[in-house]
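Data file: start-v3.pdb. Format and content: PDB, C-alpha atoms and all ligand atoms.
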```pdb
ATOM      1  CA  MET A 506     -43.384 -15.693 -54.040
ATOM      2  CA  ILE A 507     -45.948 -18.416 -53.401
ATOM      3  CA  VAL A 508     -44.943 -21.795 -54.773
ATOM      4  CA  ARG A 509     -46.979 -24.864 -54.013
ATOM      5  CA  VAL A 510     -45.396 -28.316 -54.111
ATOM      6  CA  ARG A 511     -48.049 -30.964 -54.704
ATOM      7  CA  LYS A 512     -48.615 -34.377 -56.258
ATOM      8  CA  LEU A 513     -48.569 -34.506 -60.055
ATOM      9  CA  LYS A 514     -51.937 -34.731 -61.824
ATOM     10  CA  LYS A 515     -52.633 -35.957 -65.363
ATOM     11  CA  ASP A 516     -52.967 -32.394 -66.705
ATOM     12  CA  ASP A 517     -49.436 -31.555 -65.537
ATOM     13  CA  ILE A 518     -47.815 -34.219 -67.728
ATOM     14  CA  PRO A 519     -47.138 -32.058 -70.864
ATOM     15  CA  SER A 520     -45.394 -29.373 -68.748
ATOM     16  CA  CYS A 521     -43.267 -32.004 -66.991
ATOM     17  CA  VAL A 522     -42.310 -33.645 -70.294
ATOM     18  CA  SER A 523     -41.165 -30.221 -71.570
ATOM     19  CA  MET A 524     -39.119 -29.582 -68.434
ATOM     20  CA  VAL A 525     -37.329 -32.912 -68.864
ATOM     21  CA  ALA A 526     -36.754 -32.201 -72.575
ATOM     22  CA  ASN A 527     -34.971 -28.970 -71.598
ATOM     23  CA  ILE A 528     -32.301 -30.794 -69.622
ATOM     24  CA  SER A 529     -32.089 -34.226 -71.219
ATOM     25  CA  ALA A 530     -31.586 -35.624 -74.694
ATOM     26  CA  GLY A 531     -33.989 -38.530 -74.066
ATOM     27  CA  PRO A 532     -37.049 -38.803 -76.360
ATOM     28  CA  ARG A 533     -40.190 -36.973 -75.143
ATOM     29  CA  GLU A 534     -42.308 -40.064 -75.794
ATOM     30  CA  VAL A 535     -40.235 -42.106 -73.326
ATOM     31  CA  THR A 536     -40.659 -39.476 -70.593
ATOM     32  CA  LYS A 537     -44.391 -39.219 -71.281
ATOM     33  CA  ARG A 538     -44.848 -42.990 -71.063
ATOM     34  CA  TYR A 539     -42.739 -43.164 -67.894
ATOM     35  CA  ILE A 540     -44.887 -40.549 -66.130
ATOM     36  CA  GLU A 541     -48.233 -41.847 -67.422
ATOM     37  CA  SER A 542     -47.557 -45.422 -66.396
ATOM     38  CA  ASN A 543     -46.165 -44.646 -62.939
ATOM     39  CA  PHE A 544     -47.714 -41.512 -61.428
ATOM     40  CA  LYS A 545     -50.562 -43.433 -59.811
ATOM     41  CA  ASP A 546     -48.322 -46.265 -58.579
ATOM     42  CA  GLU A 547     -48.055 -46.218 -54.787
ATOM     43  CA  ASN A 548     -44.314 -46.899 -54.998
ATOM     44  CA  TYR A 549     -43.769 -43.606 -56.846
ATOM     45  CA  LEU A 550     -44.042 -40.054 -55.629
ATOM     46  CA  MET A 551     -44.233 -37.571 -58.497
ATOM     47  CA  LEU A 552     -44.348 -33.931 -57.470
ATOM     48  CA  VAL A 553     -44.757 -30.627 -59.239
ATOM     49  CA  ALA A 554     -44.004 -27.121 -58.019
ATOM     50  CA  GLN A 555     -46.688 -24.693 -59.122
ATOM     51  CA  LYS A 556     -46.532 -20.888 -59.242
ATOM     52  CA  ASP A 557     -49.804 -19.297 -60.338
ATOM     53  CA  GLU A 558     -50.862 -21.417 -63.336
ATOM     54  CA  ASN A 559     -47.332 -22.490 -64.215
ATOM     55  CA  ILE A 560     -45.466 -25.690 -63.453
ATOM     56  CA  ILE A 561     -41.938 -24.647 -62.482
ATOM     57  CA  GLY A 562     -40.636 -27.825 -60.844
ATOM     58  CA  PHE A 563     -40.910 -31.578 -61.297
ATOM     59  CA  SER A 564     -39.500 -34.478 -59.295
ATOM     60  CA  THR A 565     -39.944 -38.225 -59.062
ATOM     61  CA  VAL A 566     -38.846 -40.803 -56.535
ATOM     62  CA  VAL A 567     -39.419 -44.558 -56.638
ATOM     63  CA  TYR A 568     -39.401 -46.978 -53.720
ATOM     64  CA  GLU A 569     -37.778 -50.290 -54.617
ATOM     65  CA  GLY A 570     -39.097 -52.909 -52.202
ATOM     66  CA  TRP A 571     -36.661 -55.649 -53.267
ATOM     67  CA  ASN A 572     -33.785 -53.526 -51.977
ATOM     68  CA  ASN A 573     -35.660 -51.484 -49.375
ATOM     69  CA  ALA A 574     -34.264 -48.296 -50.888
ATOM     70  CA  ALA A 575     -35.639 -45.330 -52.817
ATOM     71  CA  TRP A 576     -34.177 -43.508 -55.847
ATOM     72  CA  ILE A 577     -34.751 -39.989 -57.046
ATOM     73  CA  GLU A 578     -35.188 -40.273 -60.809
ATOM     74  CA  TRP A 579     -35.929 -36.664 -61.797
ATOM     75  CA  MET A 580     -35.397 -33.387 -59.956
ATOM     76  CA  ILE A 581     -35.813 -30.247 -62.035
ATOM     77  CA  VAL A 582     -36.560 -26.621 -61.256
ATOM     78  CA  HIS A 583     -37.187 -24.122 -64.056
ATOM     79  CA  LYS A 584     -34.033 -22.031 -64.684
ATOM     80  CA  SER A 585     -35.641 -18.739 -63.638
ATOM     81  CA  TYR A 586     -36.642 -20.114 -60.231
ATOM     82  CA  ARG A 587     -33.481 -21.909 -59.094
ATOM     83  CA  GLY A 588     -31.801 -21.059 -55.798
ATOM     84  CA  LYS A 589     -35.101 -20.236 -54.073
ATOM     85  CA  GLY A 590     -35.523 -23.436 -52.073
ATOM     86  CA  ILE A 591     -37.997 -25.132 -54.430
ATOM     87  CA  GLY A 592     -35.754 -28.148 -55.117
ATOM     88  CA  SER A 593     -35.126 -28.543 -51.385
ATOM     89  CA  LYS A 594     -38.876 -28.497 -50.751
ATOM     90  CA  MET A 595     -39.345 -31.346 -53.262
ATOM     91  CA  ILE A 596     -36.429 -33.283 -51.693
ATOM     92  CA  LYS A 597     -37.952 -32.948 -48.210
ATOM     93  CA  LYS A 598     -41.270 -34.387 -49.414
ATOM     94  CA  SER A 599     -39.373 -37.187 -51.177
ATOM     95  CA  ILE A 600     -37.577 -37.970 -47.905
ATOM     96  CA  VAL A 601     -40.892 -38.095 -45.998
ATOM     97  CA  PHE A 602     -42.318 -40.449 -48.664
ATOM     98  CA  SER A 603     -39.237 -42.705 -48.547
ATOM     99  CA  LYS A 604     -39.313 -42.838 -44.761
ATOM    100  CA  GLU A 605     -43.024 -43.702 -44.803
ATOM    101  CA  LYS A 606     -42.103 -46.638 -47.052
ATOM    102  CA  LYS A 607     -39.481 -47.520 -44.422
ATOM    103  CA  ALA A 608     -36.683 -47.322 -46.972
ATOM    104  CA  ARG A 609     -33.226 -47.449 -45.395
ATOM    105  CA  LYS A 610     -31.596 -45.187 -48.014
ATOM    106  CA  LEU A 611     -32.501 -42.564 -50.583
ATOM    107  CA  PHE A 612     -30.166 -42.538 -53.608
ATOM    108  CA  VAL A 613     -29.710 -40.288 -56.612
ATOM    109  CA  ASP A 614     -27.370 -40.236 -59.590
ATOM    110  CA  THR A 615     -26.284 -37.127 -61.416
ATOM    111  CA  GLY A 616     -23.549 -36.132 -63.852
ATOM    112  CA  ILE A 617     -20.103 -36.021 -62.302
ATOM    113  CA  LYS A 618     -19.547 -32.602 -63.907
ATOM    114  CA  ASP A 619     -22.848 -31.288 -62.566
ATOM    115  CA  ARG A 620     -21.292 -29.295 -59.750
ATOM    116  CA  LYS A 621     -24.412 -27.271 -58.916
ATOM    117  CA  ALA A 622     -26.599 -30.368 -58.589
ATOM    118  CA  ILE A 623     -23.972 -32.156 -56.456
ATOM    119  CA  LYS A 624     -23.751 -29.105 -54.180
ATOM    120  CA  PHE A 625     -27.568 -29.090 -53.961
ATOM    121  CA  TYR A 626     -27.741 -32.737 -52.856
ATOM    122  CA  LYS A 627     -24.880 -32.335 -50.364
ATOM    123  CA  LYS A 628     -26.623 -29.283 -48.931
ATOM    124  CA  ASN A 629     -29.640 -31.547 -48.411
ATOM    125  CA  GLY A 630     -27.596 -34.111 -46.476
ATOM    126  CA  PHE A 631     -26.582 -36.554 -49.238
ATOM    127  CA  LYS A 632     -23.094 -38.053 -49.254
ATOM    128  CA  LYS A 633     -21.056 -39.413 -52.142
ATOM    129  CA  HIS A 634     -21.400 -43.194 -52.439
ATOM    130  CA  GLY A 635     -19.407 -43.740 -55.626
ATOM    131  CA  ASN A 636     -19.040 -43.123 -59.354
ATOM    132  CA  ILE A 637     -20.311 -45.060 -62.355
ATOM    133  CA  LYS A 638     -18.194 -44.772 -65.477
ATOM    134  CA  ASP A 639     -19.889 -44.183 -68.836
ATOM    135  CA  TYR A 640     -23.331 -44.276 -67.198
ATOM    136  CA  TYR A 641     -25.201 -41.802 -69.390
ATOM    137  CA  ILE A 642     -26.091 -42.159 -73.057
ATOM    138  CA  ASP A 643     -23.685 -39.340 -73.970
ATOM    139  CA  GLY A 644     -20.779 -41.176 -72.287
ATOM    140  CA  ASP A 645     -20.677 -39.015 -69.158
ATOM    141  CA  ASP A 646     -19.833 -40.563 -65.805
ATOM    142  CA  ALA A 647     -22.347 -40.493 -62.916
ATOM    143  CA  ILE A 648     -21.861 -39.787 -59.258
ATOM    144  CA  VAL A 649     -24.177 -41.648 -56.878
ATOM    145  CA  LEU A 650     -25.140 -39.824 -53.707
ATOM    146  CA  GLY A 651     -27.083 -41.325 -50.842
ATOM    147  CA  LEU A 652     -28.929 -40.258 -47.734
ATOM    148  CA  ASP A 653     -29.143 -42.567 -44.730
ATOM    149  CA  LEU A 654     -32.832 -42.467 -43.746
ATOM    150  CA  ILE A 655     -32.332 -44.238 -40.451
ATOM    151  CA  SER A 656     -30.481 -41.221 -39.068
ATOM    152  CA  VAL A 657     -32.644 -38.354 -40.440
TER     153      VAL A 657
HETATM  154  C1  LIG B 701     -30.451 -29.008 -58.884
HETATM  155  C2  LIG B 701     -31.780 -28.226 -58.807
HETATM  156  C3  LIG B 701     -32.932 -29.213 -58.859
HETATM  157  C4  LIG B 701     -31.806 -27.465 -57.488
HETATM  158  O1  LIG B 701     -33.069 -26.839 -57.316
HETATM  159  P1  LIG B 701     -33.177 -25.399 -56.604
HETATM  160  O2  LIG B 701     -34.608 -25.103 -56.397
HETATM  161  O3  LIG B 701     -32.379 -24.432 -57.364
HETATM  162  O4  LIG B 701     -32.444 -25.711 -55.236
HETATM  163  P2  LIG B 701     -32.608 -24.950 -53.834
HETATM  164  O5  LIG B 701     -32.932 -23.531 -54.067
HETATM  165  O6  LIG B 701     -33.481 -25.734 -52.954
HETATM  166  O7  LIG B 701     -31.133 -25.112 -53.267
HETATM  167  C5  LIG B 701     -30.186 -24.239 -53.724
HETATM  168  C6  LIG B 701     -28.832 -24.905 -53.616
HETATM  169  O8  LIG B 701     -28.643 -25.740 -54.735
HETATM  170  C7  LIG B 701     -27.450 -25.378 -55.390
HETATM  171  N1  LIG B 701     -27.848 -24.882 -56.707
HETATM  172  C8  LIG B 701     -27.924 -25.706 -57.752
HETATM  173  N2  LIG B 701     -28.238 -25.017 -58.845
HETATM  174  C9  LIG B 701     -28.412 -23.740 -58.500
HETATM  175  C10 LIG B 701     -28.751 -22.538 -59.211
HETATM  176  N3  LIG B 701     -28.926 -22.533 -60.521
HETATM  177  N4  LIG B 701     -28.873 -21.384 -58.510
HETATM  178  C11 LIG B 701     -28.653 -21.380 -57.192
HETATM  179  N5  LIG B 701     -28.337 -22.481 -56.478
HETATM  180  C12 LIG B 701     -28.203 -23.646 -57.115
HETATM  181  C13 LIG B 701     -26.698 -24.457 -54.475
HETATM  182  O9  LIG B 701     -25.863 -25.261 -53.664
HETATM  183  C14 LIG B 701     -27.758 -23.836 -53.633
HETATM  184  O10 LIG B 701     -27.347 -23.627 -52.314
HETATM  185  P3  LIG B 701     -26.995 -22.154 -51.809
HETATM  186  O11 LIG B 701     -28.248 -21.346 -52.039
HETATM  187  O12 LIG B 701     -26.639 -22.345 -50.374
HETATM  188  O13 LIG B 701     -25.856 -21.729 -52.677
HETATM  189  C15 LIG B 701     -31.920 -27.194 -59.976
HETATM  190  O14 LIG B 701     -30.770 -26.396 -59.978
HETATM  191  C16 LIG B 701     -32.063 -27.822 -61.357
HETATM  192  O15 LIG B 701     -33.169 -28.028 -61.806
HETATM  193  N6  LIG B 701     -30.958 -28.110 -62.058
HETATM  194  C17 LIG B 701     -31.015 -28.709 -63.383
HETATM  195  C18 LIG B 701     -31.436 -30.158 -63.321
HETATM  196  C19 LIG B 701     -30.547 -30.980 -62.439
HETATM  197  O16 LIG B 701     -29.323 -30.892 -62.501
HETATM  198  N7  LIG B 701     -31.163 -31.837 -61.590
HETATM  199  C20 LIG B 701     -30.448 -32.670 -60.644
HETATM  200  C21 LIG B 701     -29.993 -33.930 -61.243
HETATM  201  S1  LIG B 701     -31.211 -35.180 -61.099
END
```
How would this structure read if it were set down as structure tokens?
Ligand SMILES: CC(C)(COP(=O)(O)OP(=O)(O)OC[C@H]1O[C@@H](n2cnc3c(N)ncnc32)[C@H](O)[C@@H]1OP(=O)(O)O)[C@@H](O)C(=O)NCCC(=O)NCCS
Amino acid sequence: MIVRVRKLKKDDIPSCVSMVANISAGPREVTKRYIESNFKDENYLMLVAQKDENIIGFSTVVYEGWNNAAWIEWMIVHKSYRGKGIGSKMIKKSIVFSKEKKARKLFVDTGIKDRKAIKFYKKNGFKKHGNIKDYYIDGDDAIVLGLDLISV
């Protein structure tokens, strides 16, 4: 299976908005605006995974200069293509981007009950940094995981 991970282009935005809508209750318009206003910003890396003509993965990472750290904001692989290394490919490119920015850490938050996602990040070298109670709009708690970029 040939899957290409590349930078997001304007034409990819509707597919990415749909992918987010499949896993999150947030309004589509908010996601659309978030992508449109940031995908060309040099402090963001927005990636898509493409198989044939289809977008099957989407990820975003932002470098925050004030704190010299980067955050993964979205990381999604289409259900039918999970467990094939596509998410890890997007993480690796996000790590390269964060290191190029000279960030000291790469962070991510995910639902505390999201065992598969937590396993995925740990497999990619992230370690638990803490929990945030009542972080998500539905009242779920978050776990924050971090990767020390100085040592990778
Ligand atoms: C988390 C996610 C991005 C991982 O992407 P992926 O392409 O399936 O991940 P990879 O194939 O690179 O890595 C697979 C590892 O992730 C974990 N994993 C998470 N979900 C999985 C799934 N549905 N199937 C298989 N493995 C999964 C396993 O630990 C697996 O390791 P293993 O093969 O040694 O068991 C993807 O499952 C997803 O989109 N989930 C829904 C959205 C989400 O929770 N995003 C993260 C929060 S921001």
Check: Please, what distance in Å, to one decimal, runs between CA of Arg609 in chain A and CA of Trp571 in chain A?
Finding: 11.9 Å
Checklist line | Picked residues, the PyMOL selection byres (((chain A and resi 550) around 6) and not hetatm), as a list in words | finding: Tyr549, Met551, Thr565 and Val566 of chain A
Next item on the list: Measuring atom to atom with only C-alpha atoms, identify which of A:Tyr640, A:Leu513, A:Ser520, A:Gly531 is nearest to Ser564 in chain A.
Entry: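 Smallest separation from Ser564 in chain A among the options: A:Leu513.
Nearest to Gly592 in chain A of all the residues A:Ala608, A:Val535, A:Ala622, A:Ala647 is A:Ala622, counting only C-alpha atoms.
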Item checked: Polymer residues at most 9 Å from (-31.4, -36.0, -62.7) by only C-alpha atoms, as a PyMOL selection string -> chain A and resi 528-529+564+577-581+613-616+622
Notebook entry, point to check: Which residue out of A:Glu558, A:Asp639, A:Asp619, A:Asp653 has the minimum interatomic distance to ligand LIG 701 (chain B) when all atoms listed in the file are used?
Noted result: A:Asp619
Item checked: Pick from A:Ile655, A:Ile591, A:Ile648, A:Ile642 nearest to ligand LIG 701 (chain B), counting all atoms listed in the file ->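 Looking at the shortest contact to ligand LIG 701 (chain B), the residue is A:Ile591.
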Check: Which one of A:Lys607, A:Lys584, A:Arg533, A:Lys632 sits closest to ligand LIG 701 (chain B) if you count all atoms listed in the file?
Finding: A:Lys584
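Note that CA of Val582 in chain A and CA of Glu534 in chain A are 20.6 Å apart.
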Check: Just so the selection is clear, what residues does the PyMOL selection byres (((chain A and resi 633) around 7) and not hetatm) cover here, as a PyMOL selection string?
Finding: chain A and resi 631-632+634-635+649-651
Margin query: Please determine, counting all atoms listed in the file, which residue among A:Lys604, A:Lys598, A:Lys627, A:Lys610 has the shortest atom-to-atom distance to Val510 in chain A.
Written below: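 Between A:Lys604, A:Lys598, A:Lys627, A:Lys610, the residue approaching Val510 in chain A most closely is A:Lys598.
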Would you place a box with edges along x, y and z of the file around all atoms of ligand LIG 701 (chain B) listed there, add 3 Å to each of its six sides, and report the centre and edge lengths in Å to one decimal, as AutoDock Vina command-line options?
```
--center_x -30.2 --center_y -28.3 --center_z -56.9 --size_x 14.8 --size_y 19.8 --size_z 19.0
```
Next item on the list: For the structure provided, state which residues fall under the PyMOL selection byres (((chain A and resi 600) around 10) and not hetatm), and present them as a PyMOL selection string.
Entry: chain A and resi 566+575+577+594-599+601-606+608+610-611+652+654+657
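Here CA of Glu547 in chain A stands at a distance of 11.5 Å from CA of Gly570 in chain A.
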Next item on the list: Please work out which residues fall within 7 Å of (-41.7, -38.2, -65.3), coordinates as given in the file, with only C-alpha atoms counting, and return them as a ChimeraX atom specification.
Entry: /A:521-522,536-537,539-540,565,579
Reconstruct N, CA and C atoms of range 515-531 of chain A; output as a PDB file, in the coordinates of the input.
```pdb
ATOM      1  N   LYS A 515     -52.739 -35.629 -63.933  1.00  0.00           N
ATOM      2  CA  LYS A 515     -52.633 -35.957 -65.363  1.00  0.00           C
ATOM      3  C   LYS A 515     -52.386 -34.709 -66.234  1.00  0.00           C
ATOM      4  N   ASP A 516     -53.076 -33.619 -65.896  1.00  0.00           N
ATOM      5  CA  ASP A 516     -52.967 -32.394 -66.705  1.00  0.00           C
ATOM      6  C   ASP A 516     -51.573 -31.769 -66.667  1.00  0.00           C
ATOM      7  N   ASP A 517     -50.778 -32.132 -65.666  1.00  0.00           N
ATOM      8  CA  ASP A 517     -49.436 -31.555 -65.537  1.00  0.00           C
ATOM      9  C   ASP A 517     -48.423 -32.221 -66.469  1.00  0.00           C
ATOM     10  N   ILE A 518     -48.816 -33.393 -67.032  1.00  0.00           N
ATOM     11  CA  ILE A 518     -47.815 -34.219 -67.728  1.00  0.00           C
ATOM     12  C   ILE A 518     -47.117 -33.468 -68.880  1.00  0.00           C
ATOM     13  N   PRO A 519     -47.851 -32.745 -69.773  1.00  0.00           N
ATOM     14  CA  PRO A 519     -47.138 -32.058 -70.864  1.00  0.00           C
ATOM     15  C   PRO A 519     -46.076 -31.075 -70.359  1.00  0.00           C
ATOM     16  N   SER A 520     -46.377 -30.326 -69.294  1.00  0.00           N
ATOM     17  CA  SER A 520     -45.394 -29.373 -68.748  1.00  0.00           C
ATOM     18  C   SER A 520     -44.165 -30.102 -68.220  1.00  0.00           C
ATOM     19  N   CYS A 521     -44.394 -31.244 -67.566  1.00  0.00           N
ATOM     20  CA  CYS A 521     -43.267 -32.004 -66.991  1.00  0.00           C
ATOM     21  C   CYS A 521     -42.405 -32.595 -68.104  1.00  0.00           C
ATOM     22  N   VAL A 522     -43.057 -33.092 -69.156  1.00  0.00           N
ATOM     23  CA  VAL A 522     -42.310 -33.645 -70.294  1.00  0.00           C
ATOM     24  C   VAL A 522     -41.433 -32.549 -70.906  1.00  0.00           C
ATOM     25  N   SER A 523     -41.952 -31.342 -71.011  1.00  0.00           N
ATOM     26  CA  SER A 523     -41.165 -30.221 -71.570  1.00  0.00           C
ATOM     27  C   SER A 523     -39.995 -29.869 -70.671  1.00  0.00           C
ATOM     28  N   MET A 524     -40.216 -29.896 -69.358  1.00  0.00           N
ATOM     29  CA  MET A 524     -39.119 -29.582 -68.434  1.00  0.00           C
ATOM     30  C   MET A 524     -37.985 -30.593 -68.581  1.00  0.00           C
ATOM     31  N   VAL A 525     -38.354 -31.873 -68.693  1.00  0.00           N
ATOM     32  CA  VAL A 525     -37.329 -32.912 -68.864  1.00  0.00           C
ATOM     33  C   VAL A 525     -36.599 -32.703 -70.192  1.00  0.00           C
ATOM     34  N   ALA A 526     -37.368 -32.387 -71.251  1.00  0.00           N
ATOM     35  CA  ALA A 526     -36.754 -32.201 -72.575  1.00  0.00           C
ATOM     36  C   ALA A 526     -35.727 -31.065 -72.571  1.00  0.00           C
ATOM     37  N   ASN A 527     -35.908 -30.097 -71.671  1.00  0.00           N
ATOM     38  CA  ASN A 527     -34.971 -28.970 -71.598  1.00  0.00           C
ATOM     39  C   ASN A 527     -33.614 -29.359 -71.020  1.00  0.00           C
ATOM     40  N   ILE A 528     -33.581 -30.438 -70.247  1.00  0.00           N
ATOM     41  CA  ILE A 528     -32.301 -30.794 -69.622  1.00  0.00           C
ATOM     42  C   ILE A 528     -31.767 -32.154 -70.059  1.00  0.00           C
ATOM     43  N   SER A 529     -32.531 -32.879 -70.862  1.00  0.00           N
ATOM     44  CA  SER A 529     -32.089 -34.226 -71.219  1.00  0.00           C
ATOM     45  C   SER A 529     -32.337 -34.503 -72.698  1.00  0.00           C
ATOM     46  N   ALA A 530     -31.468 -35.315 -73.267  1.00  0.00           N
ATOM     47  CA  ALA A 530     -31.586 -35.624 -74.694  1.00  0.00           C
ATOM     48  C   ALA A 530     -32.565 -36.770 -74.955  1.00  0.00           C
ATOM     49  N   GLY A 531     -33.080 -37.380 -73.897  1.00  0.00           N
ATOM     50  CA  GLY A 531     -33.989 -38.530 -74.066  1.00  0.00           C
ATOM     51  C   GLY A 531     -35.254 -38.146 -74.820  1.00  0.00           C
TER      52      GLY A 531
END
```
